[in-house]
>>> print(open('start.pdb').read())   # PDB, C-alpha atoms
ATOM      1  CA  MET A   1      92.990 134.303  94.179  1.00  0.00           C
ATOM      2  CA  SER A   2      89.958 134.344  91.954  1.00  0.00           C
ATOM      3  CA  LEU A   3      87.931 131.175  91.767  1.00  0.00           C
ATOM      4  CA  ARG A   4      86.331 130.134  88.531  1.00  0.00           C
ATOM      5  CA  VAL A   5      84.741 127.221  86.763  1.00  0.00           C
ATOM      6  CA  ILE A   6      87.359 125.664  84.464  1.00  0.00           C
ATOM      7  CA  ALA A   7      85.313 123.722  81.915  1.00  0.00           C
ATOM      8  CA  GLY A   8      81.849 122.717  80.802  1.00  0.00           C
ATOM      9  CA  THR A   9      78.592 124.630  80.586  1.00  0.00           C
ATOM     10  CA  ALA A  10      79.503 127.186  83.273  1.00  0.00           C
ATOM     11  CA  ARG A  11      83.084 127.590  82.045  1.00  0.00           C
ATOM     12  CA  GLY A  12      84.672 130.907  83.021  1.00  0.00           C
ATOM     13  CA  ARG A  13      82.044 131.819  85.622  1.00  0.00           C
ATOM     14  CA  LYS A  14      83.626 133.432  88.645  1.00  0.00           C
ATOM     15  CA  LEU A  15      82.825 131.949  92.037  1.00  0.00           C
ATOM     16  CA  LYS A  16      82.569 133.936  95.238  1.00  0.00           C
ATOM     17  CA  SER A  17      84.950 133.084  98.053  1.00  0.00           C
ATOM     18  CA  VAL A  18      83.760 132.426 101.567  1.00  0.00           C
ATOM     19  CA  PRO A  19      84.271 135.549 103.713  1.00  0.00           C
ATOM     20  CA  GLY A  20      87.122 135.167 106.206  1.00  0.00           C
ATOM     21  CA  ASP A  21      89.653 132.380 105.956  1.00  0.00           C
ATOM     22  CA  THR A  22      87.766 129.356 107.249  1.00  0.00           C
ATOM     23  CA  THR A  23      87.946 127.558 103.913  1.00  0.00           C
ATOM     24  CA  ARG A  24      90.833 126.788 101.588  1.00  0.00           C
ATOM     25  CA  PRO A  25      89.847 127.009  97.938  1.00  0.00           C
ATOM     26  CA  VAL A  26      91.080 124.207  95.722  1.00  0.00           C
ATOM     27  CA  MET A  27      93.704 125.298  93.199  1.00  0.00           C
ATOM     28  CA  ASP A  28      92.717 125.262  89.527  1.00  0.00           C
ATOM     29  CA  ARG A  29      95.399 122.768  88.623  1.00  0.00           C
ATOM     30  CA  VAL A  30      94.199 120.323  91.289  1.00  0.00           C
ATOM     31  CA  LYS A  31      90.629 120.731  90.079  1.00  0.00           C
ATOM     32  CA  GLU A  32      91.722 120.265  86.488  1.00  0.00           C
ATOM     33  CA  ALA A  33      93.781 117.179  87.344  1.00  0.00           C
ATOM     34  CA  LEU A  34      90.914 115.643  89.322  1.00  0.00           C
ATOM     35  CA  PHE A  35      88.448 116.019  86.481  1.00  0.00           C
ATOM     36  CA  ASN A  36      90.988 114.790  83.926  1.00  0.00           C
ATOM     37  CA  ILE A  37      91.353 111.609  85.991  1.00  0.00           C
ATOM     38  CA  LEU A  38      87.576 111.119  86.191  1.00  0.00           C
ATOM     39  CA  ALA A  39      86.984 112.214  82.570  1.00  0.00           C
ATOM     40  CA  ASP A  40      83.633 111.050  81.172  1.00  0.00           C
ATOM     41  CA  ASP A  41      82.677 109.219  84.377  1.00  0.00           C
ATOM     42  CA  VAL A  42      81.476 112.583  85.678  1.00  0.00           C
ATOM     43  CA  ILE A  43      78.593 112.647  83.175  1.00  0.00           C
ATOM     44  CA  ASP A  44      75.244 111.781  84.815  1.00  0.00           C
ATOM     45  CA  SER A  45      76.925 111.102  88.167  1.00  0.00           C
ATOM     46  CA  ASN A  46      75.714 112.113  91.637  1.00  0.00           C
ATOM     47  CA  TRP A  47      78.118 113.858  94.005  1.00  0.00           C
ATOM     48  CA  TRP A  48      78.233 114.779  97.660  1.00  0.00           C
ATOM     49  CA  ASP A  49      80.595 117.708  98.261  1.00  0.00           C
ATOM     50  CA  LEU A  50      80.821 117.000 101.985  1.00  0.00           C
ATOM     51  CA  PHE A  51      82.785 119.979 103.328  1.00  0.00           C
ATOM     52  CA  GLY A  52      81.444 122.253 100.593  1.00  0.00           C
ATOM     53  CA  GLY A  53      83.288 125.506 101.285  1.00  0.00           C
ATOM     54  CA  THR A  54      82.727 127.594  98.144  1.00  0.00           C
ATOM     55  CA  GLY A  55      81.116 124.673  96.312  1.00  0.00           C
ATOM     56  CA  ALA A  56      83.867 124.807  93.659  1.00  0.00           C
ATOM     57  CA  ILE A  57      84.274 121.030  93.271  1.00  0.00           C
ATOM     58  CA  GLY A  58      80.575 120.230  93.082  1.00  0.00           C
ATOM     59  CA  ILE A  59      79.929 123.148  90.717  1.00  0.00           C
ATOM     60  CA  GLU A  60      82.779 121.988  88.471  1.00  0.00           C
ATOM     61  CA  ALA A  61      81.208 118.502  88.444  1.00  0.00           C
ATOM     62  CA  LEU A  62      77.815 119.960  87.451  1.00  0.00           C
ATOM     63  CA  SER A  63      79.445 122.093  84.774  1.00  0.00           C
ATOM     64  CA  ARG A  64      81.017 118.941  83.344  1.00  0.00           C
ATOM     65  CA  GLY A  65      77.763 116.999  83.192  1.00  0.00           C
ATOM     66  CA  ALA A  66      77.071 115.580  86.647  1.00  0.00           C
ATOM     67  CA  SER A  67      73.334 115.256  87.189  1.00  0.00           C
ATOM     68  CA  PHE A  68      73.147 116.130  90.900  1.00  0.00           C
ATOM     69  CA  VAL A  69      75.319 117.490  93.708  1.00  0.00           C
ATOM     70  CA  ARG A  70      74.548 117.673  97.411  1.00  0.00           C
ATOM     71  CA  PHE A  71      76.633 120.358  99.077  1.00  0.00           C
ATOM     72  CA  SER A  72      76.984 120.384 102.831  1.00  0.00           C
ATOM     73  CA  ASP A  73      78.861 122.512 105.300  1.00  0.00           C
ATOM     74  CA  LEU A  74      78.584 123.242 108.998  1.00  0.00           C
ATOM     75  CA  ASN A  75      78.775 127.024 108.908  1.00  0.00           C
ATOM     76  CA  ARG A  76      76.418 129.665 107.590  1.00  0.00           C
ATOM     77  CA  ALA A  77      79.006 131.643 105.573  1.00  0.00           C
ATOM     78  CA  PRO A  78      79.994 128.734 103.293  1.00  0.00           C
ATOM     79  CA  ILE A  79      76.352 127.662 102.921  1.00  0.00           C
ATOM     80  CA  GLU A  80      75.359 131.163 101.756  1.00  0.00           C
ATOM     81  CA  THR A  81      78.398 131.282  99.440  1.00  0.00           C
ATOM     82  CA  ILE A  82      77.543 127.872  97.930  1.00  0.00           C
ATOM     83  CA  LYS A  83      73.928 128.943  97.332  1.00  0.00           C
ATOM     84  CA  GLU A  84      75.056 132.118  95.555  1.00  0.00           C
ATOM     85  CA  ASN A  85      77.654 130.281  93.461  1.00  0.00           C
ATOM     86  CA  VAL A  86      75.231 127.506  92.472  1.00  0.00           C
ATOM     87  CA  GLU A  87      72.615 130.080  91.450  1.00  0.00           C
ATOM     88  CA  HIS A  88      75.182 132.204  89.579  1.00  0.00           C
ATOM     89  CA  CYS A  89      76.205 129.158  87.527  1.00  0.00           C
ATOM     90  CA  GLY A  90      72.611 128.144  86.825  1.00  0.00           C
ATOM     91  CA  PHE A  91      72.596 124.825  88.705  1.00  0.00           C
ATOM     92  CA  THR A  92      69.915 125.456  91.337  1.00  0.00           C
ATOM     93  CA  ASP A  93      67.711 122.630  90.020  1.00  0.00           C
ATOM     94  CA  GLN A  94      70.502 120.065  90.204  1.00  0.00           C
ATOM     95  CA  ALA A  95      71.847 121.050  93.598  1.00  0.00           C
ATOM     96  CA  GLU A  96      70.840 120.564  97.183  1.00  0.00           C
ATOM     97  CA  VAL A  97      72.547 122.662  99.848  1.00  0.00           C
ATOM     98  CA  ARG A  98      72.391 121.345 103.412  1.00  0.00           C
ATOM     99  CA  ARG A  99      73.762 122.981 106.502  1.00  0.00           C
ATOM    100  CA  GLY A 100      74.847 120.518 109.134  1.00  0.00           C
ATOM    101  CA  ASP A 101      77.569 118.453 110.727  1.00  0.00           C
ATOM    102  CA  ALA A 102      79.243 116.136 108.201  1.00  0.00           C
ATOM    103  CA  PHE A 103      79.753 113.374 110.742  1.00  0.00           C
ATOM    104  CA  ALA A 104      76.143 113.436 111.920  1.00  0.00           C
ATOM    105  CA  MET A 105      74.955 113.342 108.289  1.00  0.00           C
ATOM    106  CA  LEU A 106      77.248 110.428 107.418  1.00  0.00           C
ATOM    107  CA  SER A 107      76.110 108.541 110.516  1.00  0.00           C
ATOM    108  CA  ALA A 108      72.445 108.866 109.536  1.00  0.00           C
ATOM    109  CA  LYS A 109      70.586 106.410 107.337  1.00  0.00           C
ATOM    110  CA  ALA A 110      71.434 107.030 103.680  1.00  0.00           C
ATOM    111  CA  ASP A 111      68.668 108.792 101.738  1.00  0.00           C
ATOM    112  CA  LYS A 112      70.586 108.645  98.444  1.00  0.00           C
ATOM    113  CA  SER A 113      73.593 106.884  96.908  1.00  0.00           C
ATOM    114  CA  PHE A 114      76.427 108.813  95.315  1.00  0.00           C
ATOM    115  CA  GLU A 115      78.986 107.893  92.662  1.00  0.00           C
ATOM    116  CA  TYR A 116      81.369 110.377  94.277  1.00  0.00           C
ATOM    117  CA  ILE A 117      81.778 111.620  97.817  1.00  0.00           C
ATOM    118  CA  TYR A 118      84.345 114.416  97.983  1.00  0.00           C
ATOM    119  CA  ILE A 119      85.987 114.945 101.373  1.00  0.00           C
ATOM    120  CA  ALA A 120      88.084 118.117 101.748  1.00  0.00           C
ATOM    121  CA  PRO A 121      87.718 119.142 105.396  1.00  0.00           C
ATOM    122  CA  PRO A 122      89.560 121.795 107.410  1.00  0.00           C
ATOM    123  CA  GLN A 123      93.208 120.762 107.544  1.00  0.00           C
ATOM    124  CA  TYR A 124      95.262 119.086 110.279  1.00  0.00           C
ATOM    125  CA  LYS A 125      92.337 117.914 112.403  1.00  0.00           C
ATOM    126  CA  GLU A 126      92.117 114.341 111.080  1.00  0.00           C
ATOM    127  CA  MET A 127      88.504 115.050 110.129  1.00  0.00           C
ATOM    128  CA  TRP A 128      89.068 113.263 106.820  1.00  0.00           C
ATOM    129  CA  VAL A 129      89.887 110.058 108.707  1.00  0.00           C
ATOM    130  CA  GLU A 130      86.646 110.231 110.683  1.00  0.00           C
ATOM    131  CA  ALA A 131      84.586 111.041 107.566  1.00  0.00           C
ATOM    132  CA  LEU A 132      86.193 108.220 105.571  1.00  0.00           C
ATOM    133  CA  LYS A 133      85.579 105.716 108.372  1.00  0.00           C
ATOM    134  CA  LEU A 134      81.924 106.765 108.553  1.00  0.00           C
ATOM    135  CA  VAL A 135      81.458 106.195 104.813  1.00  0.00           C
ATOM    136  CA  ASP A 136      83.224 102.842 105.201  1.00  0.00           C
ATOM    137  CA  LYS A 137      80.788 101.923 107.966  1.00  0.00           C
ATOM    138  CA  ASN A 138      77.719 103.242 106.122  1.00  0.00           C
ATOM    139  CA  MET A 139      78.284 102.044 102.543  1.00  0.00           C
ATOM    140  CA  GLU A 140      74.708 102.773 101.424  1.00  0.00           C
ATOM    141  CA  TRP A 141      75.939 106.322 100.774  1.00  0.00           C
ATOM    142  CA  LEU A 142      78.030 104.978  97.892  1.00  0.00           C
ATOM    143  CA  THR A 143      76.830 103.355  94.664  1.00  0.00           C
ATOM    144  CA  ASP A 144      78.313  99.943  93.820  1.00  0.00           C
ATOM    145  CA  ASP A 145      80.924 101.595  91.604  1.00  0.00           C
ATOM    146  CA  GLY A 146      81.234 104.647  93.842  1.00  0.00           C
ATOM    147  CA  THR A 147      84.453 106.414  94.779  1.00  0.00           C
ATOM    148  CA  VAL A 148      85.422 108.483  97.802  1.00  0.00           C
ATOM    149  CA  ILE A 149      87.926 111.212  96.986  1.00  0.00           C
ATOM    150  CA  VAL A 150      89.893 112.784  99.826  1.00  0.00           C
ATOM    151  CA  GLN A 151      91.743 116.087  99.446  1.00  0.00           C
ATOM    152  CA  ILE A 152      94.312 116.775 102.177  1.00  0.00           C
ATOM    153  CA  ASP A 153      97.747 118.208 102.778  1.00  0.00           C
ATOM    154  CA  PRO A 154     100.295 115.407 102.096  1.00  0.00           C
ATOM    155  CA  THR A 155     101.631 115.688 105.655  1.00  0.00           C
ATOM    156  CA  GLU A 156      98.214 114.564 106.950  1.00  0.00           C
ATOM    157  CA  TYR A 157      98.288 111.262 105.096  1.00  0.00           C
ATOM    158  CA  GLN A 158      98.135 107.993 106.984  1.00  0.00           C
ATOM    159  CA  GLN A 159      97.111 104.447 106.172  1.00  0.00           C
ATOM    160  CA  ILE A 160      93.655 103.706 107.491  1.00  0.00           C
ATOM    161  CA  GLU A 161      92.158 100.380 108.454  1.00  0.00           C
ATOM    162  CA  LEU A 162      88.931 100.044 106.432  1.00  0.00           C
ATOM    163  CA  SER A 163      86.468  97.198 105.986  1.00  0.00           C
ATOM    164  CA  ASN A 164      84.753  98.053 102.698  1.00  0.00           C
ATOM    165  CA  LEU A 165      86.862 100.688 100.972  1.00  0.00           C
ATOM    166  CA  VAL A 166      90.305 100.247  99.496  1.00  0.00           C
ATOM    167  CA  GLU A 167      92.781 102.945  98.521  1.00  0.00           C
ATOM    168  CA  THR A 168      93.266 102.725  94.758  1.00  0.00           C
ATOM    169  CA  GLU A 169      95.258 105.805  93.805  1.00  0.00           C
ATOM    170  CA  GLN A 170      97.104 108.871  95.084  1.00  0.00           C
ATOM    171  CA  ARG A 171      97.994 112.023  93.182  1.00  0.00           C
ATOM    172  CA  LYS A 172     100.092 114.815  94.663  1.00  0.00           C
ATOM    173  CA  TYR A 173     100.052 118.409  93.410  1.00  0.00           C
ATOM    174  CA  GLY A 174     102.277 120.671  95.496  1.00  0.00           C
ATOM    175  CA  SER A 175     100.702 120.916  98.951  1.00  0.00           C
ATOM    176  CA  THR A 176      97.593 118.989  97.910  1.00  0.00           C
ATOM    177  CA  LEU A 177      97.142 115.226  97.956  1.00  0.00           C
ATOM    178  CA  LEU A 178      94.170 113.515  96.313  1.00  0.00           C
ATOM    179  CA  ILE A 179      93.443 109.976  97.501  1.00  0.00           C
ATOM    180  CA  PHE A 180      90.900 107.715  95.808  1.00  0.00           C
ATOM    181  CA  TYR A 181      89.044 104.946  97.624  1.00  0.00           C
ATOM    182  CA  ASP A 182      86.804 102.365  95.921  1.00  0.00           C
ATOM    183  CA  ARG A 183      84.715  99.458  97.186  1.00  0.00           C
TER     184      ARG A 183
END
>>> encode(input="start.pdb", output="structure tokens")
Amino acid sequence: MSLRVIAGTARGRKLKSVPGDTTRPVMDRVKEALFNILADDVIDSNWWDLFGGTGAIGIEALSRGASFVRFSDLNRAPIETIKENVEHCGFTDQAEVRRGDAFAMLSAKADKSFEYIYIAPPQYKEMWVEALKLVDKNMEWLTDDGTVIVQIDPTEYQQIELSNLVETEQRKYGSTLLIFYDR
């Protein structure tokens, strides 16, 4: 499956996949649907693509006018892939690529606030629950009007007890579920 940027300034640019099968690239129609939902809110926004993988979501956001994206991933292969993809699309100045453990990063003191935190971790390990709870506990990561977007397989879904975030919307596309959480 070839990855590409769907719209915006880097439209049509091909993205490299991460070697091996540790990541699961987001399908074009899910990406398209996500950005149709967000529409113009993407412009000038700051994103954290938490389990970055190929960087496809963050790069799409930049292509559509986001001002900054932090990409993070635990492993070297995705980090190298993200760096190459960001450079290929011409977004080096608006991107920060950090290698590290998502949970450790979310537990740390916030050094920036984001309009969007995108959580699409490896499947079936309930990592999304842990990440969501950490954001909920450490709300400085999110701007006042910020949104956490979770991308999981629908079978992984469960209601989660949260103090500061509330689930506002769900959209299902085949084997992908997008869940939106706001303050």
>>> residues_around(input="start.pdb", residues="segment 158-167 of chain A", least_positions_apart="2", cutoff="12 Å", atoms="only C-alpha atoms", output="ChimeraX atom specification")
/A:124,126,128-140,142,144-150,152-156,169-171,177-183
>>> resolve_selection(input="start.pdb", expression="the PyMOL selection byres ((chain A and resi 86) around 10)", output="ChimeraX atom specification")
/A:15,54-56,58-59,62,71,80-85,87-97
>>> write_last_selection(input="start.pdb", atoms="C-alpha atoms", output="PDB file, in the frame of the given file")
ATOM      1  CA  LEU A  15      82.825 131.949  92.037  1.00  0.00           C
ATOM      2  CA  THR A  54      82.727 127.594  98.144  1.00  0.00           C
ATOM      3  CA  GLY A  55      81.116 124.673  96.312  1.00  0.00           C
ATOM      4  CA  ALA A  56      83.867 124.807  93.659  1.00  0.00           C
ATOM      5  CA  GLY A  58      80.575 120.230  93.082  1.00  0.00           C
ATOM      6  CA  ILE A  59      79.929 123.148  90.717  1.00  0.00           C
ATOM      7  CA  LEU A  62      77.815 119.960  87.451  1.00  0.00           C
ATOM      8  CA  PHE A  71      76.633 120.358  99.077  1.00  0.00           C
ATOM      9  CA  GLU A  80      75.359 131.163 101.756  1.00  0.00           C
ATOM     10  CA  THR A  81      78.398 131.282  99.440  1.00  0.00           C
ATOM     11  CA  ILE A  82      77.543 127.872  97.930  1.00  0.00           C
ATOM     12  CA  LYS A  83      73.928 128.943  97.332  1.00  0.00           C
ATOM     13  CA  GLU A  84      75.056 132.118  95.555  1.00  0.00           C
ATOM     14  CA  ASN A  85      77.654 130.281  93.461  1.00  0.00           C
ATOM     15  CA  GLU A  87      72.615 130.080  91.450  1.00  0.00           C
ATOM     16  CA  HIS A  88      75.182 132.204  89.579  1.00  0.00           C
ATOM     17  CA  CYS A  89      76.205 129.158  87.527  1.00  0.00           C
ATOM     18  CA  GLY A  90      72.611 128.144  86.825  1.00  0.00           C
ATOM     19  CA  PHE A  91      72.596 124.825  88.705  1.00  0.00           C
ATOM     20  CA  THR A  92      69.915 125.456  91.337  1.00  0.00           C
ATOM     21  CA  ASP A  93      67.711 122.630  90.020  1.00  0.00           C
ATOM     22  CA  GLN A  94      70.502 120.065  90.204  1.00  0.00           C
ATOM     23  CA  ALA A  95      71.847 121.050  93.598  1.00  0.00           C
ATOM     24  CA  GLU A  96      70.840 120.564  97.183  1.00  0.00           C
ATOM     25  CA  VAL A  97      72.547 122.662  99.848  1.00  0.00           C
TER      26      VAL A  97
END
>>> resolve_selection(input="start.pdb", expression="the PyMOL selection byres ((chain A and resi 18) around 7)", output="PyMOL selection string")
chain A and resi 16-17+19-20+23+53-54+77-78+81
>>> residues_around(input="start.pdb", residues="Asp40 of chain A", least_positions_apart="4", cutoff="10 Å", atoms="only C-alpha atoms", output="NGL selection string")
:A and (35-36 or 44-45 or 64-66)
>>> atom_distance(input="start.pdb", atom1="atom CA of Ile43 of chain A", atom2="atom CA of Arg4 of chain A")
19.9 Å
